[in-house]
file data.txt (compact mmCIF, C-alpha atoms)
# COMPACT_ATOMS: atom_id res chain seq x y z
CA MET T 8 11.30 -79.09 2.90
CA PRO T 9 13.52 -76.18 3.98
CA ARG T 10 11.87 -72.94 4.86
CA PHE T 11 14.36 -71.06 2.72
CA ARG T 12 13.24 -70.47 -0.84
CA PRO T 13 15.81 -69.14 -3.30
CA GLY T 14 15.18 -66.27 -5.66
CA TYR T 15 14.75 -68.52 -8.65
CA ARG T 16 10.98 -68.64 -8.54
CA PRO T 17 10.16 -65.22 -9.95
CA ASN T 18 12.73 -65.73 -12.70
CA ARG T 19 11.46 -69.23 -13.39
CA ARG T 20 8.12 -67.59 -14.04
CA SER T 21 9.56 -65.10 -16.52
CA LEU T 22 7.11 -64.48 -19.30
CA ILE T 23 8.11 -66.13 -22.57
CA LYS T 24 7.01 -64.11 -25.54
CA SER T 25 4.69 -65.96 -27.84
CA GLY T 26 2.35 -65.30 -30.69
CA ALA T 27 -0.60 -66.70 -28.78
CA ALA T 28 -3.76 -64.77 -29.53
CA ALA T 29 -6.40 -64.20 -26.91
CA LEU T 30 -9.15 -66.78 -26.96
CA ALA T 31 -12.58 -65.61 -28.03
CA GLY T 32 -16.09 -66.84 -27.51
CA LEU T 33 -15.30 -69.27 -24.71
CA THR T 34 -18.24 -71.05 -23.15
CA PHE T 35 -16.65 -72.91 -20.25
CA LEU T 36 -19.59 -72.54 -17.88
CA PRO T 37 -19.38 -74.25 -14.48
CA ARG T 38 -21.56 -77.26 -13.81
CA PHE T 39 -23.07 -75.78 -10.68
CA SER T 40 -24.84 -72.58 -9.64
CA LEU T 41 -22.82 -69.61 -8.43
CA ALA T 42 -25.91 -67.64 -7.45
CA GLU T 43 -25.24 -67.99 -3.73
CA GLU T 44 -21.82 -66.29 -3.96
CA GLU T 45 -20.88 -62.82 -5.09
CA LYS T 46 -19.25 -62.82 -8.51
CA LYS T 47 -15.69 -62.41 -7.24
CA LEU T 48 -12.53 -64.50 -7.04
CA ASN T 49 -9.29 -63.59 -5.30
CA LEU T 50 -6.27 -65.35 -6.85
CA TYR T 51 -2.81 -65.42 -5.25
CA ASN T 52 -0.23 -66.49 -7.83
CA TRP T 53 3.36 -66.24 -9.00
CA ASP T 54 4.19 -63.35 -11.32
CA THR T 55 3.55 -63.97 -15.04
CA TYR T 56 2.26 -67.47 -14.34
CA ILE T 57 -1.11 -67.43 -16.07
CA GLY T 58 -2.31 -67.11 -19.67
CA GLU T 59 -2.51 -63.65 -21.18
CA SER T 60 -6.30 -63.83 -21.47
CA THR T 61 -7.14 -66.55 -18.91
CA LEU T 62 -8.66 -64.28 -16.29
CA THR T 63 -10.65 -62.24 -18.81
CA ASP T 64 -11.86 -65.43 -20.48
CA PHE T 65 -12.95 -66.83 -17.12
CA THR T 66 -14.87 -63.65 -16.36
CA ASN T 67 -16.56 -63.73 -19.77
CA ALA T 68 -17.55 -67.36 -19.26
CA THR T 69 -18.81 -67.09 -15.67
CA GLY T 70 -19.36 -63.45 -14.82
CA VAL T 71 -16.88 -63.81 -11.96
CA GLU T 72 -14.44 -60.90 -11.63
CA VAL T 73 -10.89 -61.90 -10.67
CA LYS T 74 -8.54 -59.92 -8.45
CA LEU T 75 -4.94 -61.08 -8.84
CA ASP T 76 -2.25 -60.61 -6.19
CA LEU T 77 1.34 -61.78 -6.69
CA TYR T 78 3.95 -63.38 -4.45
CA ALA T 79 7.65 -63.95 -5.08
CA ASP T 80 8.18 -67.39 -3.54
CA ASN T 81 6.63 -70.17 -1.49
CA ASP T 82 7.88 -68.68 1.78
CA GLU T 83 5.95 -65.49 1.12
CA LEU T 84 2.82 -67.49 0.29
CA PHE T 85 3.09 -69.57 3.46
CA ALA T 86 3.78 -66.57 5.69
CA LYS T 87 0.87 -64.62 4.22
CA LEU T 88 -1.61 -67.37 5.08
CA LYS T 89 -0.07 -68.80 8.25
CA GLY T 90 -1.86 -66.39 10.55
CA GLY T 91 -5.17 -66.73 8.72
CA ASN T 92 -6.47 -66.28 5.19
CA PRO T 93 -6.74 -62.54 4.36
CA GLY T 94 -9.29 -63.32 1.64
CA TYR T 95 -7.80 -65.53 -1.07
CA ASP T 96 -9.82 -68.18 -2.91
CA VAL T 97 -7.17 -69.92 -5.02
CA ILE T 98 -3.42 -70.26 -4.42
CA VAL T 99 -0.63 -71.87 -6.48
CA PRO T 100 1.79 -73.62 -4.10
CA THR T 101 4.62 -75.89 -5.20
CA ASN T 102 4.16 -79.51 -4.12
CA ASP T 103 6.30 -79.43 -0.95
CA THR T 104 4.68 -76.22 0.25
CA LEU T 105 1.24 -77.67 -0.44
CA GLU T 106 2.17 -80.69 1.70
CA ARG T 107 3.34 -78.36 4.46
CA MET T 108 0.06 -76.42 4.24
CA ILE T 109 -2.00 -79.62 4.35
CA LYS T 110 -0.24 -80.67 7.53
CA ALA T 111 -0.81 -77.22 9.01
CA ASP T 112 -4.55 -77.34 8.17
CA MET T 113 -4.26 -74.32 5.87
CA VAL T 114 -6.10 -75.69 2.80
CA ILE T 115 -9.51 -77.33 2.39
CA PRO T 116 -10.45 -80.50 0.49
CA ILE T 117 -11.73 -79.92 -3.04
CA ASP T 118 -15.02 -81.33 -4.31
CA HIS T 119 -14.14 -83.44 -7.34
CA ALA T 120 -17.77 -83.42 -8.46
CA LYS T 121 -17.47 -79.68 -9.04
CA ILE T 122 -14.37 -80.07 -11.22
CA PRO T 123 -15.50 -82.40 -14.05
CA ASN T 124 -12.50 -81.36 -16.16
CA MET T 125 -10.29 -83.36 -13.80
CA THR T 126 -10.74 -86.06 -16.45
CA ASN T 127 -8.29 -83.99 -18.53
CA ILE T 128 -5.46 -84.53 -16.04
CA ASP T 129 -2.67 -86.66 -17.48
CA GLU T 130 -2.43 -90.11 -15.90
CA PRO T 131 0.87 -89.61 -13.99
CA PHE T 132 -0.62 -86.59 -12.20
CA LYS T 133 -3.98 -88.01 -11.15
CA ASP T 134 -2.46 -89.02 -7.84
CA ALA T 135 0.46 -87.60 -5.87
CA SER T 136 2.57 -88.72 -2.93
CA PHE T 137 2.28 -85.25 -1.40
CA ASP T 138 -1.53 -85.20 -1.87
CA PRO T 139 -2.92 -88.76 -2.05
CA GLY T 140 -6.06 -88.96 -4.14
CA ARG T 141 -5.75 -85.31 -5.07
CA LYS T 142 -7.82 -84.50 -2.01
CA TYR T 143 -6.57 -80.92 -1.77
CA SER T 144 -5.20 -79.92 -5.16
CA ILE T 145 -5.17 -80.14 -8.91
CA PRO T 146 -1.89 -80.15 -10.86
CA TYR T 147 -0.89 -77.05 -12.81
CA MET T 148 2.61 -76.94 -14.34
CA TRP T 149 5.64 -79.14 -13.73
CA GLY T 150 9.29 -79.36 -14.67
CA THR T 151 12.76 -80.58 -13.81
CA LEU T 152 16.10 -79.43 -12.46
CA GLY T 153 19.13 -80.40 -14.49
CA ILE T 154 22.28 -79.25 -16.25
CA GLY T 155 22.41 -76.41 -18.71
CA TYR T 156 25.53 -76.42 -20.82
CA ARG T 157 27.29 -74.84 -23.78
CA LYS T 158 27.76 -77.60 -26.35
CA SER T 159 30.92 -76.15 -27.88
CA ALA T 160 32.60 -75.91 -24.47
CA VAL T 161 32.12 -79.45 -23.16
CA ASN T 162 33.24 -82.91 -24.12
CA GLY T 163 30.27 -84.99 -25.28
CA THR T 164 27.00 -84.84 -23.36
CA PRO T 165 27.32 -84.04 -19.63
CA ASP T 166 24.63 -86.50 -18.58
CA SER T 167 25.75 -87.05 -14.98
CA TRP T 168 25.83 -84.89 -11.87
CA LYS T 169 29.50 -85.92 -11.72
CA VAL T 170 30.55 -82.97 -13.93
CA LEU T 171 29.23 -80.54 -11.33
CA TYR T 172 29.84 -82.44 -8.09
CA ASP T 173 32.87 -84.68 -8.51
CA SER T 174 35.20 -83.50 -11.27
CA ASN T 175 37.80 -80.84 -11.97
CA GLU T 176 37.31 -81.09 -15.73
CA TYR T 177 35.49 -77.74 -15.83
CA ALA T 178 37.07 -76.15 -12.76
CA GLY T 179 36.05 -72.53 -12.33
CA ALA T 180 33.43 -72.77 -15.06
CA ILE T 181 30.46 -74.36 -13.29
CA SER T 182 27.68 -72.99 -11.09
CA LEU T 183 25.26 -74.60 -8.67
CA LEU T 184 22.07 -73.12 -7.30
CA GLY T 185 22.29 -71.08 -4.12
CA ASP T 186 20.07 -73.06 -1.74
CA GLN T 187 20.57 -76.22 0.29
CA GLN T 188 17.45 -78.01 -0.92
CA ASN T 189 18.61 -78.27 -4.51
CA VAL T 190 22.37 -78.42 -4.04
CA LEU T 191 22.15 -81.20 -1.46
CA GLY T 192 19.44 -82.91 -3.50
CA GLY T 193 21.61 -83.12 -6.59
CA GLY T 194 24.47 -84.53 -4.55
CA LEU T 195 22.22 -87.13 -2.97
CA LYS T 196 21.00 -88.31 -6.37
CA TYR T 197 24.58 -88.50 -7.66
CA LEU T 198 25.52 -90.75 -4.75
CA GLY T 199 22.52 -92.98 -5.36
CA TYR T 200 20.32 -91.75 -2.52
CA SER T 201 16.86 -90.21 -2.40
CA TRP T 202 16.52 -86.50 -3.12
CA ASN T 203 14.56 -86.29 0.15
CA SER T 204 16.98 -88.23 2.34
CA THR T 205 17.10 -87.31 6.01
CA ASN T 206 19.75 -89.93 6.81
CA PRO T 207 22.62 -88.13 8.61
CA ASP T 208 25.25 -90.51 7.18
CA GLU T 209 24.08 -89.94 3.60
CA LEU T 210 23.91 -86.19 4.11
CA LYS T 211 27.41 -86.22 5.62
CA LYS T 212 28.76 -87.86 2.46
CA VAL T 213 27.19 -85.08 0.35
CA GLU T 214 28.69 -82.48 2.68
CA GLU T 215 32.15 -83.98 2.24
CA LEU T 216 31.67 -84.23 -1.51
CA LEU T 217 30.71 -80.57 -1.84
CA ILE T 218 33.44 -79.28 0.45
CA LYS T 219 35.97 -81.15 -1.68
CA GLN T 220 34.40 -79.87 -4.92
CA LYS T 221 33.96 -76.28 -3.81
CA LYS T 222 37.32 -75.17 -5.23
CA ASN T 223 36.03 -76.07 -8.70
CA ILE T 224 32.71 -74.23 -8.37
CA LYS T 225 32.68 -70.68 -9.69
CA VAL T 226 29.56 -69.60 -7.83
CA PHE T 227 26.49 -70.76 -5.96
CA ALA T 228 24.05 -68.77 -8.08
CA ASN T 229 20.62 -67.68 -6.89
CA ASP T 230 19.05 -68.70 -10.18
CA ASN T 231 21.16 -66.62 -12.47
CA GLY T 232 23.11 -69.63 -13.70
CA GLN T 233 21.30 -69.36 -17.03
CA ASP T 234 22.55 -65.77 -17.38
CA LEU T 235 26.12 -66.83 -16.58
CA LEU T 236 25.82 -69.58 -19.18
CA ALA T 237 24.42 -67.20 -21.79
CA ALA T 238 27.27 -64.75 -21.15
CA GLY T 239 29.93 -67.47 -21.38
CA GLU T 240 31.01 -67.02 -17.76
CA VAL T 241 30.32 -70.69 -17.02
CA LYS T 242 30.25 -73.75 -19.25
CA LEU T 243 27.75 -75.72 -17.18
CA CYS T 244 25.16 -74.81 -14.57
CA GLN T 245 22.60 -76.44 -12.34
CA GLU T 246 19.34 -74.83 -13.44
CA TRP T 247 15.62 -75.15 -14.15
CA ASN T 248 14.55 -76.51 -17.51
CA GLY T 249 12.34 -73.50 -18.22
CA ASP T 250 15.15 -71.00 -17.67
CA ILE T 251 17.52 -72.92 -19.94
CA LYS T 252 14.78 -73.31 -22.55
CA GLN T 253 14.60 -69.53 -22.78
CA ILE T 254 18.34 -69.35 -23.43
CA ILE T 255 18.14 -72.14 -26.02
CA ALA T 256 15.58 -70.09 -27.93
CA GLU T 257 18.21 -67.39 -28.39
CA ASP T 258 21.39 -69.49 -28.60
CA ASP T 259 21.51 -72.88 -30.33
CA ASP T 260 24.88 -73.64 -28.73
CA VAL T 261 23.10 -74.10 -25.39
CA ASP T 262 21.35 -77.31 -24.34
CA TYR T 263 19.82 -78.93 -21.26
CA ILE T 264 19.78 -82.43 -19.84
CA VAL T 265 18.43 -84.20 -16.78
CA PRO T 266 21.31 -86.29 -15.33
CA GLN T 267 21.07 -90.06 -15.70
CA GLU T 268 20.98 -90.47 -11.90
CA GLY T 269 17.69 -88.56 -11.79
CA SER T 270 16.76 -85.23 -10.27
CA LEU T 271 13.97 -83.11 -8.83
CA LEU T 272 10.53 -83.23 -10.39
CA TRP T 273 8.74 -80.09 -9.25
CA GLN T 274 5.01 -79.58 -9.59
CA ASP T 275 2.91 -76.52 -9.00
CA THR T 276 -0.69 -76.96 -7.92
CA LEU T 277 -3.95 -75.08 -7.49
CA ALA T 278 -5.53 -75.26 -4.03
CA ILE T 279 -8.20 -73.52 -1.96
CA PRO T 280 -6.96 -71.99 1.30
CA LYS T 281 -8.96 -72.44 4.46
CA GLY T 282 -11.37 -69.55 4.95
CA ALA T 283 -11.72 -68.81 1.22
CA PRO T 284 -14.68 -66.41 0.86
CA HIS T 285 -15.72 -67.79 -2.54
CA PRO T 286 -15.13 -71.57 -2.57
CA GLU T 287 -17.72 -72.23 -5.29
CA ASN T 288 -16.03 -69.74 -7.59
CA ALA T 289 -12.69 -71.33 -6.71
CA HIS T 290 -13.95 -74.71 -7.91
CA ALA T 291 -15.25 -73.08 -11.09
CA PHE T 292 -11.84 -71.53 -11.72
CA MET T 293 -10.06 -74.86 -11.23
CA ASN T 294 -12.47 -76.48 -13.66
CA PHE T 295 -11.83 -73.68 -16.16
CA VAL T 296 -8.05 -74.02 -15.96
CA LEU T 297 -8.39 -77.75 -16.72
CA ASP T 298 -10.42 -77.11 -19.86
CA ALA T 299 -8.48 -78.07 -23.01
CA GLU T 300 -8.65 -74.69 -24.76
CA ALA T 301 -8.11 -72.64 -21.62
CA GLY T 302 -5.19 -74.86 -20.65
CA LYS T 303 -3.70 -74.47 -24.12
CA GLU T 304 -3.81 -70.69 -23.82
CA ILE T 305 -1.94 -70.88 -20.52
CA VAL T 306 0.73 -73.15 -22.02
CA GLU T 307 1.16 -70.90 -25.06
CA THR T 308 1.92 -68.01 -22.73
CA ILE T 309 4.26 -69.56 -20.15
CA MET T 310 5.54 -72.63 -22.06
CA TYR T 311 6.15 -74.93 -19.10
CA ALA T 312 5.14 -78.58 -19.11
CA THR T 313 1.42 -78.92 -18.46
CA ALA T 314 -0.30 -81.71 -16.55
CA ASN T 315 -3.42 -81.04 -18.64
CA LYS T 316 -3.38 -83.85 -21.20
CA ALA T 317 -6.23 -82.37 -23.25
CA ALA T 318 -4.38 -79.05 -23.53
CA LYS T 319 -1.09 -80.74 -24.38
CA GLU T 320 -2.73 -82.59 -27.26
CA LEU T 321 -3.72 -79.25 -28.80
CA MET T 322 -0.13 -77.98 -28.76
CA PRO T 323 2.23 -78.29 -31.76
CA GLU T 324 4.67 -81.18 -32.07
CA ASP T 325 7.71 -79.01 -31.29
CA TYR T 326 6.27 -78.49 -27.80
CA ARG T 327 4.92 -82.00 -27.18
CA ASN T 328 8.15 -83.69 -28.30
CA ASN T 329 10.66 -81.23 -26.83
CA PRO T 330 12.95 -83.19 -24.43
CA VAL T 331 13.80 -80.01 -22.54
CA VAL T 332 10.12 -79.64 -21.62
CA PHE T 333 9.27 -83.35 -21.47
CA PRO T 334 12.34 -85.50 -20.68
CA PRO T 335 12.30 -89.19 -21.66
CA ALA T 336 10.07 -91.40 -19.53
CA GLU T 337 13.00 -93.50 -18.33
CA ILE T 338 14.67 -90.37 -16.91
CA ILE T 339 11.46 -89.05 -15.34
CA ALA T 340 11.11 -92.43 -13.62
CA LYS T 341 14.37 -91.69 -11.77
CA CYS T 342 13.21 -88.25 -10.60
CA GLU T 343 11.46 -87.43 -7.35
CA PRO T 344 9.18 -84.66 -6.09
CA GLY T 345 10.60 -82.62 -3.26
CA LEU T 346 8.81 -83.39 -0.01
CA TYR T 347 8.26 -81.35 3.12
CA LEU T 348 10.62 -83.09 5.53
CA GLY T 349 9.70 -81.34 8.77
CA GLU T 350 11.53 -78.89 11.00
CA GLU T 351 14.11 -81.30 12.43
CA ALA T 352 15.33 -82.47 9.03
CA THR T 353 15.32 -78.89 7.76
CA LYS T 354 17.50 -77.81 10.67
CA LEU T 355 19.99 -80.62 9.95
CA ARG T 356 20.21 -79.68 6.28
CA ASP T 357 20.56 -75.98 7.11
CA GLU T 358 23.48 -76.75 9.42
CA ILE T 359 25.18 -78.79 6.70
CA TRP T 360 24.64 -76.02 4.17
CA THR T 361 26.12 -73.45 6.55
CA ARG T 362 29.27 -75.55 6.93
CA ILE T 363 29.58 -76.01 3.17
CA ARG T 364 29.31 -72.29 2.49
CA ALA T 365 31.77 -71.47 5.27
CA SER T 366 34.41 -74.00 4.19
call {"tool": "encode", "arguments": {"input": "data.txt", "output": "structure tokens"}}
result
Amino acid sequence: MPRFRPGYRPNRRSLIKSGAAALAGLTFLPRFSLAEEEKKLNLYNWDTYIGESTLTDFTNATGVEVKLDLYADNDELFAKLKGGNPGYDVIVPTNDTLERMIKADMVIPIDHAKIPNMTNIDEPFKDASFDPGRKYSIPYMWGTLGIGYRKSAVNGTPDSWKVLYDSNEYAGAISLLGDQQNVLGGGLKYLGYSWNSTNPDELKKVEELLIKQKKNIKVFANDNGQDLLAAGEVKLCQEWNGDIKQIIAEDDDVDYIVPQEGSLLWQDTLAIPKGAPHPENAHAFMNFVLDAEAGKEIVETIMYATANKAAKELMPEDYRNNPVVFPPAEIIAKCEPGLYLGEEATKLRDEIWTRIRAS
């Protein structure tokens, strides 16, 4: 995956207001002794990406005090740990960054026996191409990249990447994200290729497609496409489902769809960095997050799609059956996780992106 990470991540984590009350009387005790470790846990996470009472509840259940530090994007996380772990026990990398960290020997294998609540993981997430057998991670939240649109401003349902990549129907009223990973990925899916293609011929076709289409694109937006859509400055935008869901909550003329060709299926994970000072407490925290009630409290706060089946089953129907949060299975089947493609492929894609932006 490219080293560049756009500014969308902090915004994608924006706290969604909810009426969720803090949980009380939790008894999610770990299944192993923590006596040999001091009662501390150092968590490195995205901003506003945990339940309102999760950390307090964990402390009440285990006696382990949590110190929370925040990072803005995966690049910052990787850079912080590349030279050695400064003291973190649990991190929350996105799948491609986790894969990169595995290859760089920056995370340690988890002990499944110490995380009995892994039985609560939904079936599609029990294994992962970027972490076979879940040797290094547990799943946290997941989502999609698709098209946000204003229903009154478009003809029918814009269910293909064509409206953004290969049409002048909405010239001057569309936005794409501002990074090569996602812009090239959408073009690759539209042309019938893999999101993670490193084939120079396939990438060249996307380059030509985007250079031709550029005159119709209003802006390559660093994750403010949802704001442009809300303000009426664009009619369609390439954006994250969570960001568009926030707009939908305030404007029923806005909707979201994953294109029929498929898209990106992102997944955030919990992992233990190499050199973690409190690995037992880290396992206890992972087990806690996968508890049904604790997981429900997290979902009620941040409202992204959870990989915790037990927590999902406790949520109301308007969450469980919301196609913006959980697209149809036949569409998900066409989506792919972003993979870490290595430095050579990243360089090739960066060069293509530079030419597109300069054209």
call {"tool": "atom_distance", "arguments": {"input": "data.txt", "atom1": "atom CA of T:Lys252", "atom2": "atom CA of T:Glu268"}}
result
21.1 Å
call {"tool": "closest_residue", "arguments": {"input": "data.txt", "among": "T:Asn127, T:Asn328, T:Thr308, T:Gln267", "to": "T:Thr164", "atoms": "all atoms listed in the file"}}
result
T:Gln267
call {"tool": "atom_distance", "arguments": {"input": "data.txt", "atom1": "atom CA of T:Ile109", "atom2": "atom CA of T:Lys142"}}
result
9.9 Å
call {"tool": "closest_atom_pairs", "arguments": {"input": "data.txt", "of": "stretch 220-308 of chain T", "to": "stretch 179-194 of chain T", "cutoff": "8 Å", "atoms": "all atoms listed in the file", "output": "CSV"}}
result
residue,atom,partner,partner_atom,distance
T:Lys222,CA,T:Gly179,CA,7.7
T:Asn223,CA,T:Gly179,CA,5.1
T:Ile224,CA,T:Ile181,CA,5.4
T:Lys225,CA,T:Gly179,CA,4.7
T:Val226,CA,T:Ser182,CA,5.1
T:Phe227,CA,T:Gly185,CA,4.6
T:Ala228,CA,T:Leu184,CA,4.8
T:Asn229,CA,T:Gly185,CA,4.7
T:Asp230,CA,T:Leu184,CA,6.1
T:Gly232,CA,T:Ser182,CA,6.2
T:Glu240,CA,T:Ala180,CA,6.8
T:Val241,CA,T:Ala180,CA,4.2
T:Lys242,CA,T:Ala180,CA,5.4
T:Leu243,CA,T:Ile181,CA,4.9
T:Cys244,CA,T:Ser182,CA,4.7
T:Gln245,CA,T:Leu183,CA,4.9
T:Glu246,CA,T:Leu184,CA,6.9
T:Ser270,CA,T:Gly193,CA,6.4
T:Leu271,CA,T:Gly192,CA,7.6
call {"tool": "atom_distance", "arguments": {"input": "data.txt", "atom1": "atom CA of T:Leu75", "atom2": "atom CA of T:Glu59"}}
result
12.8 Å
call {"tool": "residues_around", "arguments": {"input": "data.txt", "residues": "T:Ile264", "least_positions_apart": "2", "cutoff": "12 Å", "atoms": "all atoms listed in the file", "output": "ChimeraX atom specification"}}
result
/T:151-158,164-168,243-249,251-252,261-262,266-270,329-335,338-339
call {"tool": "decode", "arguments": {"input": "data.txt", "residues": "stretch 133-142 of chain T", "atoms": "all heavy atoms", "output": "mmCIF file, in the first residue's frame"}}
result
data_model
loop_
_atom_site.group_PDB
_atom_site.id
_atom_site.type_symbol
_atom_site.label_atom_id
_atom_site.label_comp_id
_atom_site.auth_asym_id
_atom_site.auth_seq_id
_atom_site.Cartn_x
_atom_site.Cartn_y
_atom_site.Cartn_z
ATOM 1 N N LYS T 133 -13.208 -14.101 10.653
ATOM 2 C CA LYS T 133 -12.401 -15.013 11.460
ATOM 3 C C LYS T 133 -11.053 -15.321 10.820
ATOM 4 O O LYS T 133 -10.133 -15.783 11.484
ATOM 5 C CB LYS T 133 -13.186 -16.298 11.725
ATOM 6 C CG LYS T 133 -14.346 -16.085 12.689
ATOM 7 C CD LYS T 133 -15.064 -17.386 13.024
ATOM 8 C CE LYS T 133 -16.168 -17.129 14.053
ATOM 9 N NZ LYS T 133 -16.894 -18.371 14.398
ATOM 10 N N ASP T 134 -10.950 -15.071 9.540
ATOM 11 C CA ASP T 134 -9.691 -15.210 8.829
ATOM 12 C C ASP T 134 -9.518 -13.969 7.970
ATOM 13 O O ASP T 134 -10.473 -13.218 7.733
ATOM 14 C CB ASP T 134 -9.699 -16.475 7.977
ATOM 15 C CG ASP T 134 -8.299 -16.931 7.581
ATOM 16 O OD1 ASP T 134 -7.319 -16.287 8.005
ATOM 17 O OD2 ASP T 134 -8.187 -17.926 6.842
ATOM 18 N N ALA T 135 -8.313 -13.730 7.496
ATOM 19 C CA ALA T 135 -8.066 -12.541 6.683
ATOM 20 C C ALA T 135 -6.870 -12.765 5.784
ATOM 21 O O ALA T 135 -5.867 -13.356 6.205
ATOM 22 C CB ALA T 135 -7.818 -11.324 7.576
ATOM 23 N N SER T 136 -6.952 -12.308 4.551
ATOM 24 C CA SER T 136 -5.847 -12.478 3.609
ATOM 25 C C SER T 136 -4.604 -11.743 4.073
ATOM 26 O O SER T 136 -3.480 -12.173 3.803
ATOM 27 C CB SER T 136 -6.266 -11.961 2.220
ATOM 28 O OG SER T 136 -6.646 -10.590 2.284
ATOM 29 N N PHE T 137 -4.784 -10.624 4.792
ATOM 30 C CA PHE T 137 -3.648 -9.841 5.252
ATOM 31 C C PHE T 137 -3.085 -10.370 6.579
ATOM 32 O O PHE T 137 -2.012 -9.970 7.006
ATOM 33 C CB PHE T 137 -4.044 -8.366 5.411
ATOM 34 C CG PHE T 137 -5.265 -8.155 6.283
ATOM 35 C CD1 PHE T 137 -5.157 -8.043 7.655
ATOM 36 C CD2 PHE T 137 -6.530 -8.071 5.708
ATOM 37 C CE1 PHE T 137 -6.269 -7.852 8.454
ATOM 38 C CE2 PHE T 137 -7.650 -7.881 6.494
ATOM 39 C CZ PHE T 137 -7.524 -7.778 7.877
ATOM 40 N N ASP T 138 -3.821 -11.278 7.239
ATOM 41 C CA ASP T 138 -3.372 -11.878 8.494
ATOM 42 C C ASP T 138 -3.961 -13.287 8.609
ATOM 43 O O ASP T 138 -4.894 -13.518 9.380
ATOM 44 C CB ASP T 138 -3.791 -11.011 9.686
ATOM 45 C CG ASP T 138 -3.325 -11.581 11.026
ATOM 46 O OD1 ASP T 138 -2.436 -12.449 11.023
ATOM 47 O OD2 ASP T 138 -3.871 -11.148 12.071
ATOM 48 N N PRO T 139 -3.428 -14.242 7.832
ATOM 49 C CA PRO T 139 -3.982 -15.596 7.821
ATOM 50 C C PRO T 139 -4.056 -16.211 9.216
ATOM 51 O O PRO T 139 -3.091 -16.179 9.981
ATOM 52 C CB PRO T 139 -2.995 -16.364 6.932
ATOM 53 C CG PRO T 139 -2.411 -15.313 6.032
ATOM 54 C CD PRO T 139 -2.299 -14.092 6.890
ATOM 55 N N GLY T 140 -5.239 -16.744 9.522
ATOM 56 C CA GLY T 140 -5.441 -17.376 10.818
ATOM 57 C C GLY T 140 -5.566 -16.411 11.969
ATOM 58 O O GLY T 140 -5.602 -16.821 13.127
ATOM 59 N N ARG T 141 -5.637 -15.130 11.666
ATOM 60 C CA ARG T 141 -5.687 -14.107 12.712
ATOM 61 C C ARG T 141 -4.549 -14.314 13.716
ATOM 62 O O ARG T 141 -4.735 -14.252 14.925
ATOM 63 C CB ARG T 141 -7.037 -14.135 13.430
ATOM 64 C CG ARG T 141 -8.184 -13.568 12.618
ATOM 65 C CD ARG T 141 -8.057 -12.066 12.486
ATOM 66 N NE ARG T 141 -9.100 -11.519 11.625
ATOM 67 C CZ ARG T 141 -9.109 -10.248 11.216
ATOM 68 N NH1 ARG T 141 -8.148 -9.421 11.559
ATOM 69 N NH2 ARG T 141 -10.064 -9.807 10.438
ATOM 70 N N LYS T 142 -3.364 -14.522 13.167
ATOM 71 C CA LYS T 142 -2.201 -14.763 14.012
ATOM 72 C C LYS T 142 -1.795 -13.517 14.787
ATOM 73 O O LYS T 142 -1.305 -13.616 15.934
ATOM 74 C CB LYS T 142 -1.029 -15.250 13.149
ATOM 75 C CG LYS T 142 0.227 -15.584 13.935
ATOM 76 C CD LYS T 142 1.329 -16.110 13.025
ATOM 77 C CE LYS T 142 2.601 -16.431 13.827
ATOM 78 N NZ LYS T 142 3.693 -16.930 12.950
#
